[in-house]
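Peer 1: Quick one, run-v3.pdb (PDB, C-alpha atoms):
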MODEL        1
ATOM      1  CA  MET A   6      96.070   1.825   4.944
ATOM      2  CA  LEU A   7      99.566   2.078   3.545
ATOM      3  CA  THR A   8     102.047   4.228   5.459
ATOM      4  CA  ARG A   9     105.579   5.306   4.639
ATOM      5  CA  GLU A  10     107.952   7.439   6.676
ATOM      6  CA  LEU A  11     110.560   9.602   4.950
ATOM      7  CA  THR A  12     113.571  11.081   6.654
ATOM      8  CA  VAL A  13     114.781  14.396   5.264
ATOM      9  CA  ARG A  14     118.174  15.461   6.572
ATOM     10  CA  THR A  15     118.580  19.181   7.077
ATOM     11  CA  GLY A  16     121.434  21.319   8.253
ATOM     12  CA  ARG A  17     122.160  24.813   9.440
ATOM     13  CA  VAL A  18     121.492  26.319   6.017
ATOM     14  CA  ARG A  19     117.879  27.100   5.181
ATOM     15  CA  GLY A  20     116.609  25.258   2.174
ATOM     16  CA  LEU A  21     113.805  23.362   0.534
ATOM     17  CA  ALA A  22     113.543  19.627  -0.016
ATOM     18  CA  ASP A  23     111.560  18.484  -3.040
ATOM     19  CA  LEU A  24     109.407  15.485  -2.051
ATOM     20  CA  THR A  25     107.596  15.220  -5.385
ATOM     21  CA  ALA A  26     109.305  12.025  -6.581
ATOM     22  CA  ALA A  27     108.777  10.263  -3.245
ATOM     23  CA  CYS A  28     105.085  11.254  -3.197
ATOM     24  CA  GLU A  29     104.587  10.163  -6.810
ATOM     25  CA  ALA A  30     106.218   6.787  -6.116
ATOM     26  CA  PHE A  31     104.074   6.250  -3.018
ATOM     27  CA  VAL A  32     100.843   7.090  -4.851
ATOM     28  CA  ALA A  33     101.757   4.875  -7.810
ATOM     29  CA  GLU A  34     102.464   1.965  -5.478
ATOM     30  CA  ALA A  35      99.393   2.476  -3.291
ATOM     31  CA  ALA A  36      96.748   3.367  -5.878
ATOM     32  CA  ASP A  37      96.581   0.216  -8.029
ATOM     33  CA  GLY A  38      93.998   2.017 -10.152
ATOM     34  CA  GLY A  39      91.820   2.975  -7.177
ATOM     35  CA  ASP A  40      91.175   6.132  -5.238
ATOM     36  CA  GLY A  41      93.173   7.299  -2.288
ATOM     37  CA  LEU A  42      94.447  10.168  -0.199
ATOM     38  CA  LEU A  43      98.039  11.294   0.239
ATOM     39  CA  SER A  44      98.654  12.998   3.556
ATOM     40  CA  VAL A  45     102.024  14.590   4.322
ATOM     41  CA  PHE A  46     102.903  15.999   7.713
ATOM     42  CA  VAL A  47     105.972  17.317   9.511
ATOM     43  CA  PRO A  48     106.212  16.550  13.252
ATOM     44  CA  HIS A  49     108.730  19.242  14.174
ATOM     45  CA  ALA A  50     108.423  22.751  15.583
ATOM     46  CA  THR A  51     111.056  24.319  13.332
ATOM     47  CA  ALA A  52     110.127  22.602  10.093
ATOM     48  CA  GLY A  53     107.270  23.319   7.768
ATOM     49  CA  LEU A  54     105.512  22.005   4.732
ATOM     50  CA  VAL A  55     104.733  24.148   1.715
ATOM     51  CA  ILE A  56     103.238  23.202  -1.624
ATOM     52  CA  MET A  57     104.752  25.303  -4.382
ATOM     53  CA  GLU A  58     106.284  25.172  -7.824
ATOM     54  CA  LEU A  59     110.068  25.000  -7.641
ATOM     55  CA  GLY A  60     112.536  26.272 -10.184
ATOM     56  CA  ALA A  61     110.664  29.362 -11.368
ATOM     57  CA  GLY A  62     112.271  31.605  -8.748
ATOM     58  CA  SER A  63     109.531  31.217  -6.160
ATOM     59  CA  ASP A  64     111.783  29.034  -4.014
ATOM     60  CA  ASP A  65     114.378  31.840  -3.846
ATOM     61  CA  ASP A  66     111.601  34.325  -3.037
ATOM     62  CA  LEU A  67     110.372  32.128  -0.187
ATOM     63  CA  LEU A  68     113.851  31.746   1.328
ATOM     64  CA  ALA A  69     114.505  35.512   1.034
ATOM     65  CA  THR A  70     111.185  36.287   2.737
ATOM     66  CA  LEU A  71     111.919  33.847   5.563
ATOM     67  CA  ALA A  72     115.335  35.445   6.054
ATOM     68  CA  ARG A  73     113.707  38.876   6.265
ATOM     69  CA  LEU A  74     110.871  37.833   8.586
ATOM     70  CA  LEU A  75     112.846  35.436  10.781
ATOM     71  CA  PRO A  76     116.484  36.541  10.798
ATOM     72  CA  ARG A  77     118.989  34.094  12.205
ATOM     73  CA  ASP A  78     120.465  36.069  15.042
ATOM     74  CA  ASP A  79     120.425  36.029  18.834
ATOM     75  CA  ARG A  80     117.036  37.748  19.297
ATOM     76  CA  TRP A  81     115.145  34.416  19.266
ATOM     77  CA  ARG A  82     115.091  31.839  22.067
TER      78      ARG A  82
ENDMDL
END
As a first step, turn the structure in this file into structure tokens.

Peer 2:
Amino acid sequence: MLTRELTVRTGRVRGLADLTAACEAFVAEAADGGDGLLSVFVPHATAGLVIMELGAGSDDDLLATLARLLPRDDRWR
């Protein structure tokens, strides 16, 4: 089994990180014409993984919805 760990640096500003190129490169390297499974996981309580099309406005919609549902103020511990 081939494994690769990626580090994605984040900051105080909410945002999305596009992992498409890294996933494509991993699959191309690992597949060698065979079958396989790509598994992506995020081991952190305040990070998440979403599969979506970027660039069509849906990324802005997601960030706006997160801001509305989980405002960044002092109500959370």

Peer 1: Determine, counting all atoms listed in the file, which protein, DNA and RNA residues have an atom within 10 Å of an atom of Leu43 in chain A; residues of the same chain fewer than 6 positions away are not included. Present the result as a ChimeraX atom specification.

Peer 2: /A:7-8,28-29,31-32,35

Peer 1: For a quick check of understanding, using only C-alpha atoms, which of A:Asp65, A:Met6, A:Gly60, A:Trp81 has the smallest distance to Ser44 in chain A?

Peer 2: A:Met6

Peer 1: Which of these residues is nearest to Asp23 in chain A, using only C-alpha atoms: A:Ser63, A:Ala69, A:Val55, A:Ala36?

Peer 2: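 Nearest to Asp23 in chain A: A:Val55.
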
Peer 1: May I ask for the distance between CA of Leu75 in chain A and CA of Ala61 in chain A, given in Å to one decimal place?

Peer 2: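 According to the coordinates, CA of Leu75 in chain A and CA of Ala61 in chain A are separated by 23.1 Å.
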
Peer 1: Any chance you could work out the axis-aligned box around range 61-73 of chain A, listed atoms only, 4 Å on each side, giving centre and edge lengths in Å to one decimal, as lines of an AutoDock Vina configuration file?

Peer 2:
center_x = 112.4
center_y = 34.0
center_z = -2.6
size_x = 13.8
size_y = 17.8
size_z = 25.6

Peer 1: To one decimal place in Å, what is the distance between CA of Met57 in chain A and CA of Ala30 in chain A?

Peer 2: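 Between these atoms lies a distance of 18.7 Å.
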
Peer 1: What is the distance between CA of Leu21 in chain A and CA of Gly62 in chain A, in Å to one decimal?

Peer 2: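 Distance between the two atoms: 12.5 Å.
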
Peer 1: Give me the residues within 12 Å of Leu71 in chain A as a VMD selection string, counting all atoms listed in the file and dropping any in the same chain fewer than 4 places off.

Peer 2: chain A and resid 19 to 21 53 64 to 67 75 to 77

Peer 1: Compare A:Glu58, A:Phe46, A:Arg9, A:Arg80 by their minimum atom-to-atom distance to Glu34 in chain A, counting only C-alpha atoms, and give me the closest one.

Peer 2: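 Using only C-alpha atoms, the shortest distance to Glu34 in chain A belongs to A:Arg9.
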
Peer 1: Return the single residue from A:Leu59, A:Leu74, A:Ala52, A:Leu42 that is closest to Thr25 in chain A, with distances computed using only C-alpha atoms.

Peer 2: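 Of A:Leu59, A:Leu74, A:Ala52, A:Leu42, the one nearest Thr25 in chain A is A:Leu59, counting only C-alpha atoms.
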
Peer 1: N, CA and C atoms for range 18-47 of chain A, written as a compact mmCIF listing (two decimals), keeping the file's coordinate frame, could you do that?

Peer 2:
# COMPACT_ATOMS: atom_id res chain seq x y z
N VAL A 18 121.84 25.43 7.12
CA VAL A 18 121.49 26.32 6.02
C VAL A 18 120.02 26.11 5.66
N ARG A 19 119.28 27.21 5.58
CA ARG A 19 117.88 27.10 5.18
C ARG A 19 117.78 26.58 3.76
N GLY A 20 116.78 25.78 3.52
CA GLY A 20 116.61 25.26 2.17
C GLY A 20 115.29 24.55 2.03
N LEU A 21 115.03 24.08 0.84
CA LEU A 21 113.80 23.36 0.53
C LEU A 21 114.17 21.96 0.07
N ALA A 22 113.35 21.00 0.43
CA ALA A 22 113.54 19.63 -0.02
C ALA A 22 112.36 19.26 -0.89
N ASP A 23 112.61 18.85 -2.10
CA ASP A 23 111.56 18.48 -3.04
C ASP A 23 111.15 17.03 -2.80
N LEU A 24 109.92 16.82 -2.35
CA LEU A 24 109.41 15.48 -2.05
C LEU A 24 108.53 14.93 -3.16
N THR A 25 108.49 15.60 -4.30
CA THR A 25 107.60 15.22 -5.38
C THR A 25 107.81 13.77 -5.82
N ALA A 26 109.04 13.39 -6.09
CA ALA A 26 109.30 12.02 -6.58
C ALA A 26 108.89 10.97 -5.56
N ALA A 27 109.16 11.22 -4.29
CA ALA A 27 108.78 10.26 -3.24
C ALA A 27 107.26 10.15 -3.14
N CYS A 28 106.56 11.27 -3.25
CA CYS A 28 105.08 11.25 -3.20
C CYS A 28 104.50 10.54 -4.42
N GLU A 29 105.06 10.83 -5.59
CA GLU A 29 104.59 10.16 -6.81
C GLU A 29 104.79 8.65 -6.72
N ALA A 30 105.94 8.22 -6.23
CA ALA A 30 106.22 6.79 -6.12
C ALA A 30 105.26 6.13 -5.13
N PHE A 31 104.99 6.79 -4.02
CA PHE A 31 104.07 6.25 -3.02
C PHE A 31 102.67 6.09 -3.59
N VAL A 32 102.19 7.13 -4.27
CA VAL A 32 100.84 7.09 -4.85
C VAL A 32 100.75 6.01 -5.92
N ALA A 33 101.76 5.89 -6.76
CA ALA A 33 101.76 4.88 -7.81
C ALA A 33 101.70 3.47 -7.21
N GLU A 34 102.44 3.27 -6.13
CA GLU A 34 102.46 1.96 -5.48
C GLU A 34 101.14 1.67 -4.76
N ALA A 35 100.58 2.68 -4.13
CA ALA A 35 99.39 2.48 -3.29
C ALA A 35 98.09 2.46 -4.07
N ALA A 36 98.02 3.17 -5.18
CA ALA A 36 96.75 3.37 -5.88
C ALA A 36 96.21 2.11 -6.55
N ASP A 37 97.03 1.40 -7.28
CA ASP A 37 96.58 0.22 -8.03
C ASP A 37 95.28 0.48 -8.79
N GLY A 38 95.18 1.68 -9.37
CA GLY A 38 94.00 2.02 -10.15
C GLY A 38 92.82 2.51 -9.34
N GLY A 39 92.94 2.54 -8.01
CA GLY A 39 91.82 2.98 -7.18
C GLY A 39 91.99 4.40 -6.69
N ASP A 40 91.11 4.80 -5.83
CA ASP A 40 91.18 6.13 -5.24
C ASP A 40 91.98 6.08 -3.96
N GLY A 41 92.43 7.25 -3.53
CA GLY A 41 93.17 7.30 -2.29
C GLY A 41 93.41 8.72 -1.85
N LEU A 42 94.12 8.86 -0.76
CA LEU A 42 94.45 10.17 -0.20
C LEU A 42 95.90 10.15 0.24
N LEU A 43 96.65 11.14 -0.19
CA LEU A 43 98.04 11.29 0.24
C LEU A 43 98.06 12.38 1.30
N SER A 44 98.56 12.04 2.45
CA SER A 44 98.65 13.00 3.56
C SER A 44 100.12 13.12 3.95
N VAL A 45 100.63 14.35 3.97
CA VAL A 45 102.02 14.59 4.32
C VAL A 45 102.04 15.51 5.53
N PHE A 46 102.86 15.16 6.53
CA PHE A 46 102.90 16.00 7.71
C PHE A 46 104.30 16.02 8.29
N VAL A 47 104.63 17.11 8.96
CA VAL A 47 105.97 17.32 9.51
C VAL A 47 105.86 17.47 11.03
